[in-house]
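Take a look at the structure below.
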Amino acid sequence: MTMSTSPWSPIRDALAAAARSRAPRALLLAAFTATCAFLPPAPPPATDPPRVAGVRPIHALNDAFTRYAEHARSPHHWTGGDSTYSVPTPAGRLWIFSDTFLGTVRPDGSRPPTTEDGGPTPFVHNSFVLWRADGPRTVTGRDASGRVASLVSGRGHWYWARAGVPDGHGVAVVYARYARTGPGSLDVAWRGNVLARFGRGRLARPRSVTPLPSATRTAWGAWLDRQRHHTYIYGTEKAPSGGYHLRLARVAGSDLRRPWQYRTAHGTWSPHESRSARLTGPGGTPLRTADELSVVRHGRWYALLTQRADQPFSAELQLAWSRSPGGPFSTPRTVYTAPESGPHGTYHNQNVYAYNAHEHPELASHGELVVSYNVNSLNPRDVIDRADIYRPRFLRIALTPASP
C-alpha cells in the first residue's frame, strides 16, 4: 500500500531542516517560498452567479392567507392587501401591507361594497398582520371617532408602506406619502418619505413618525438590508421612459434616524442626498426596475429581484446579480411569469396584473429565494367581485451554486 504525501510535507520538512541547521530567518523564508510551488492551486473565486434551478408556488403560504381572509368573521380583519413586506419580531412575523381591504368575504367569494360606496367593507391605505404562534391577527389604526383607519395617515394625502426593519423589541417601517393628481386610479404622485416606529405590544399606533430625506424625489425604503455595521436603504426614482431608477443610501447600525450617506457615481459615500447616483447595469447604463424590489445577499452575490420595467404591467419577475450591494448589476433575466395576469391568465381578465415582487429572506433556506408578488386589477370592481384576486402569491426559487 502506498501512502499519499501531504502537500504540506515539503514545507514541513524544509523548515525543519533549516531550523536544525540554525539557518538565518531569510533562509527559512526562502525555503518556504521555494516549496510553495508544491501546494495545489487555490480554487478560483466564482465568476458566474447562481442559476435558477426551479420555481414553484408555496401553496402552504398561499393557502394560509386564503384561510385567514375567508374564514374569519370579524368585521375588521384583513381580507387582502398589497406591498407584502415582512419583518421577524419577538411577538411573531409582522406582515406589512399597503392598501388593505378589511371585513368579510361572502360565500360566493365576493366582498360587500366598501364604506365609501355605502357598504360595510372598510378600506385603509396601510395595515399589519401579526402572525403569532397561535395564529394571525389584523392590526389597524383608529380615527378620532374610533373607526378603523390606516396605521399612518394624514389630511389630503396617504401613506403606502415600504420595507421595515426590527427596532429593538418593535419595528420601524418606511412609508411613502402620496397625493392624488387626477380622477383615475393611477393618478397619484409621491410627495415624501417618513419613518414610523412601532413599539412591542403597541403596533396600532406609531410611537414616532420622523421625516426622512426626500430632496431628490427618491422614494426611499423600497428595500432595507442590514449588512454587518450598516443598514442599506434602496430608493426608487420614477424614470421618464418607464420604470424606476435605483439609488442607494446607508446608515451606521439599524436606526434610520441617524445620518444618511449616499452612494455616488464614483462608488464613494457622501452625506449629501444630491450626490446620490443611479445604480447601474452592464456597461454603466442606469438600471430600470419596479417601484418595489429586493436586494438580498446569497453567498458572495447580491440578488436584485424586480419585475420587467420596459413593459407596463409586465407579469415577468426578473433577477439580476452583483458582487456588491451597490452594483453594477447584471442584465435582469426573467425567472417567472405570473400566471394570473392578462387575458390569457387564470382570471381571463385583461385588467388583472402582477406587481411588487420581493424576497422574504427570513423564510428561506440556503440556496433558495422565498418571494412574494401581488395581484390587482385596473378595474376596481374586479377586486370586489373576486376577493381572491387581491392577495399576495408566494414562490420558492431554487438556486444552483455559483460556478467557478
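Each chain in the C-alpha cells gets a letter, A, B, ..., in the order shown, and its residues are numbered from 1; ligands are numbered from 1 in order too.
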Just list as a ChimeraX atom specification whatever in stretch 22-264 of chain A DSSP marks as strand (DSSP E). /A:51-57,78-81,85-89,92-97,100-102,123-124,127-132,135-139,141-142,148-149,153-154,157-167,170-180,188-198,208-211,219-227,230-238,244-252,261-263
Just the helix (DSSP H, G or I) stuff from stretch 194-346 of chain A, please, per backbone DSSP, written as a PyMOL selection string. chain A and resi 273-275+282-284
File of the preceding selection, all heavy atoms, as a PDB file, in the first residue's frame:
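See result_2.pdb below for the written result:
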ATOM      1  N   GLU A 273     -27.584  64.172  -0.121  1.00  0.00           N
ATOM      2  CA  GLU A 273     -28.504  63.398  -0.949  1.00  0.00           C
ATOM      3  C   GLU A 273     -28.392  63.783  -2.419  1.00  0.00           C
ATOM      4  O   GLU A 273     -28.575  62.950  -3.311  1.00  0.00           O
ATOM      5  CB  GLU A 273     -29.942  63.588  -0.462  1.00  0.00           C
ATOM      6  CG  GLU A 273     -30.947  62.685  -1.170  1.00  0.00           C
ATOM      7  CD  GLU A 273     -32.379  62.899  -0.704  1.00  0.00           C
ATOM      8  OE1 GLU A 273     -32.621  63.817   0.099  1.00  0.00           O
ATOM      9  OE2 GLU A 273     -33.255  62.147  -1.167  1.00  0.00           O
ATOM     10  N   SER A 274     -28.063  65.038  -2.692  1.00  0.00           N
ATOM     11  CA  SER A 274     -27.962  65.498  -4.071  1.00  0.00           C
ATOM     12  C   SER A 274     -26.864  64.788  -4.845  1.00  0.00           C
ATOM     13  O   SER A 274     -26.855  64.799  -6.081  1.00  0.00           O
ATOM     14  CB  SER A 274     -27.706  67.006  -4.106  1.00  0.00           C
ATOM     15  OG  SER A 274     -26.493  67.328  -3.437  1.00  0.00           O
ATOM     16  N   ARG A 275     -25.930  64.131  -4.136  1.00  0.00           N
ATOM     17  CA  ARG A 275     -24.841  63.428  -4.806  1.00  0.00           C
ATOM     18  C   ARG A 275     -25.148  61.942  -5.005  1.00  0.00           C
ATOM     19  O   ARG A 275     -24.325  61.212  -5.547  1.00  0.00           O
ATOM     20  CB  ARG A 275     -23.539  63.577  -4.012  1.00  0.00           C
ATOM     21  CG  ARG A 275     -23.000  65.011  -3.971  1.00  0.00           C
ATOM     22  CD  ARG A 275     -21.544  65.025  -3.584  1.00  0.00           C
ATOM     23  NE  ARG A 275     -20.748  64.272  -4.550  1.00  0.00           N
ATOM     24  CZ  ARG A 275     -19.521  63.799  -4.285  1.00  0.00           C
ATOM     25  NH1 ARG A 275     -18.979  63.997  -3.092  1.00  0.00           N
ATOM     26  NH2 ARG A 275     -18.860  63.129  -5.199  1.00  0.00           N
ATOM     27  N   PRO A 282     -24.899  46.519 -16.811  1.00  0.00           N
ATOM     28  CA  PRO A 282     -23.715  46.299 -17.647  1.00  0.00           C
ATOM     29  C   PRO A 282     -23.330  47.561 -18.421  1.00  0.00           C
ATOM     30  O   PRO A 282     -24.191  48.277 -18.939  1.00  0.00           O
ATOM     31  CB  PRO A 282     -24.155  45.175 -18.589  1.00  0.00           C
ATOM     32  CG  PRO A 282     -25.268  44.481 -17.873  1.00  0.00           C
ATOM     33  CD  PRO A 282     -25.975  45.545 -17.102  1.00  0.00           C
ATOM     34  N   GLY A 283     -22.028  47.832 -18.465  1.00  0.00           N
ATOM     35  CA  GLY A 283     -21.537  48.965 -19.228  1.00  0.00           C
ATOM     36  C   GLY A 283     -21.845  50.319 -18.629  1.00  0.00           C
ATOM     37  O   GLY A 283     -21.725  51.341 -19.310  1.00  0.00           O
ATOM     38  N   GLY A 284     -22.280  50.349 -17.366  1.00  0.00           N
ATOM     39  CA  GLY A 284     -22.559  51.621 -16.720  1.00  0.00           C
ATOM     40  C   GLY A 284     -23.903  52.221 -17.051  1.00  0.00           C
ATOM     41  O   GLY A 284     -24.180  53.367 -16.684  1.00  0.00           O
TER      42      GLY A 284
END
Could you jot down the atom CA of A:Ala290 to atom CA of A:His125 separation for me, Å, one decimal place? 19.9 Å
Using only C-alpha atoms, the residue out of A:Val105, A:Leu151, A:Ile96, A:Ala196 with shortest distance to A:Gly81 is A:Ile96
Excluding A:Gly192 and its own-chain neighbours fewer than 5 positions away, which residues fall within 12 Å of it when counting only C-alpha atoms? Please give them as a list of chain:residue names. A:His157, A:Trp158, A:Tyr159, A:Trp160, A:Val174, A:Tyr175, A:Ala176, A:Arg177, A:Tyr178, A:Ala179, A:Thr210, A:Pro211, A:Leu212, A:Pro213, A:Ser214, A:Ala215, A:Thr216, A:Arg217, A:Thr218, A:Ala219, A:Trp220, A:Gly221, A:Gly235, A:Glu237
Selection near A:Pro120, 9 Å with only C-alpha atoms, sequence-local residues under 4 positions removed, as a list in words: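 So, after excluding close chain neighbours, the residues are Pro75, Gly103, Thr104, Pro112, Pro113, Thr114, Thr115 and Glu116 of chain A.
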Closest atom pairs, residues of stretch 271-334 of chain A within 10 Å of stretch 48-71 of chain A, only C-alpha atoms, as a tab-separated table:
residue	atom	partner	partner_atom	distance
A:His298	CA	A:Pro50	CA	8.6
A:Gly299	CA	A:Pro50	CA	9.3
A:Arg300	CA	A:Pro49	CA	8.7
A:Trp301	CA	A:Pro49	CA	6.6
A:Tyr302	CA	A:Pro49	CA	8.9
A:Ala303	CA	A:Pro49	CA	9.0
A:Leu319	CA	A:Val52	CA	9.3
A:Ala320	CA	A:Pro49	CA	9.2
A:Trp321	CA	A:Pro49	CA	6.6
A:Ser322	CA	A:Pro49	CA	8.1
A:Arg323	CA	A:Pro49	CA	8.8
A:Ser330	CA	A:Pro49	CA	9.4
Against stretch 335-352 of chain A, which residues of stretch 246-322 of chain A fall within 9 Å? For each one I want the closest pair of atoms and the distance in Å (one decimal), counting only C-alpha atoms, rows by chain and increasing residue number, as a tab-separated table.
residue	atom	partner	partner_atom	distance
A:Phe313	CA	A:Ser341	CA	8.8
A:Ser314	CA	A:Ser341	CA	8.4
A:Ala315	CA	A:Ala338	CA	5.1
A:Glu316	CA	A:Thr337	CA	4.4
A:Leu317	CA	A:Tyr336	CA	5.2
A:Gln318	CA	A:Val335	CA	5.5
A:Leu319	CA	A:Val335	CA	6.8
Residues just named, written with N, CA and C atoms as an mmCIF file, in the first residue's frame:
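This went into out34.cif:
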data_model
loop_
_atom_site.group_PDB
_atom_site.id
_atom_site.type_symbol
_atom_site.label_atom_id
_atom_site.label_comp_id
_atom_site.auth_asym_id
_atom_site.auth_seq_id
_atom_site.Cartn_x
_atom_site.Cartn_y
_atom_site.Cartn_z
ATOM 1 N N PHE A 313 -46.939 47.050 -16.708
ATOM 2 C CA PHE A 313 -47.706 45.976 -16.082
ATOM 3 C C PHE A 313 -47.213 44.591 -16.512
ATOM 4 N N SER A 314 -45.909 44.463 -16.656
ATOM 5 C CA SER A 314 -45.356 43.170 -17.037
ATOM 6 C C SER A 314 -45.550 42.148 -15.924
ATOM 7 N N ALA A 315 -45.841 40.908 -16.328
ATOM 8 C CA ALA A 315 -46.005 39.816 -15.375
ATOM 9 C C ALA A 315 -44.693 39.090 -15.100
ATOM 10 N N GLU A 316 -43.582 39.540 -15.693
ATOM 11 C CA GLU A 316 -42.308 38.834 -15.594
ATOM 12 C C GLU A 316 -41.512 39.263 -14.366
ATOM 13 N N LEU A 317 -41.192 38.295 -13.504
ATOM 14 C CA LEU A 317 -40.286 38.522 -12.382
ATOM 15 C C LEU A 317 -38.866 38.275 -12.866
ATOM 16 N N GLN A 318 -37.955 39.178 -12.523
ATOM 17 C CA GLN A 318 -36.596 39.101 -13.034
ATOM 18 C C GLN A 318 -35.565 39.144 -11.906
ATOM 19 N N LEU A 319 -34.421 38.516 -12.182
ATOM 20 C CA LEU A 319 -33.279 38.540 -11.268
ATOM 21 C C LEU A 319 -32.082 39.148 -11.964
#
Counting only C-alpha atoms, the option among A:Arg137, A:Gly156, A:Ala309, A:Gly80 closest to A:Val375: A:Gly80
Within 8 Å of A:Ile389 using only C-alpha atoms, minus same-chain residues under 3 positions, as a ChimeraX atom specification: /A:375-377,382-383,386
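With atom CA of A:Ala161 on one side and atom CA of A:Thr264 on the other, the separation reads 26.2 Å.
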Considering only C-alpha atoms, return as JSON, numbers by chain whatever protein or nucleic-acid residues lie within 9 Å of A:Ala204, sequence-local ones (same chain, fewer than 4 positions apart) excluded. {"A": [127, 128, 139, 140, 141, 142, 151, 198]}
For the residues in that selection, give me C-alpha atoms as an mmCIF file, in the first residue's frame.
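Listed below is the output, out_26.cif:
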data_model
loop_
_atom_site.group_PDB
_atom_site.id
_atom_site.type_symbol
_atom_site.label_atom_id
_atom_site.label_comp_id
_atom_site.auth_asym_id
_atom_site.auth_seq_id
_atom_site.Cartn_x
_atom_site.Cartn_y
_atom_site.Cartn_z
ATOM 1 C CA SER A 127 -52.063 47.790 7.883
ATOM 2 C CA PHE A 128 -50.240 44.932 9.598
ATOM 3 C CA VAL A 139 -53.596 45.463 13.199
ATOM 4 C CA THR A 140 -55.024 48.811 12.056
ATOM 5 C CA GLY A 141 -55.309 52.297 13.476
ATOM 6 C CA ARG A 142 -58.363 54.162 14.727
ATOM 7 C CA LEU A 151 -51.849 52.991 10.904
ATOM 8 C CA PHE A 198 -43.863 50.936 16.470
#
Exercise: A:His230 partners within 12 Å, only C-alpha atoms, chain neighbours under 6 positions left out, as a list in words: Leu224, Ala249, Arg250, Val251, Ala252, Gly253, Ser254, Asp255, Leu256, Arg258, Pro259, Trp260, Gln261 and Pro325 of chain A
So, with only C-alpha atoms as the atoms that count, which of A:Arg162, A:Lys238, A:Arg308, A:Arg147 lies closest to A:Thr84?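 Answer, going by the shortest atom-to-atom distance: A:Arg162.
Of the residues listed (A:Gly184, A:Thr306, A:Leu246, A:Asp82), A:Gly184 shows the shortest atom-to-atom separation from A:Asn379; distances use only C-alpha atoms.
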Between A:Tyr85, A:Pro122, A:Pro328, A:Leu102, which is the closest to A:Ala357 once you count only C-alpha atoms?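 Among the listed residues, A:Tyr85 lies closest to A:Ala357.
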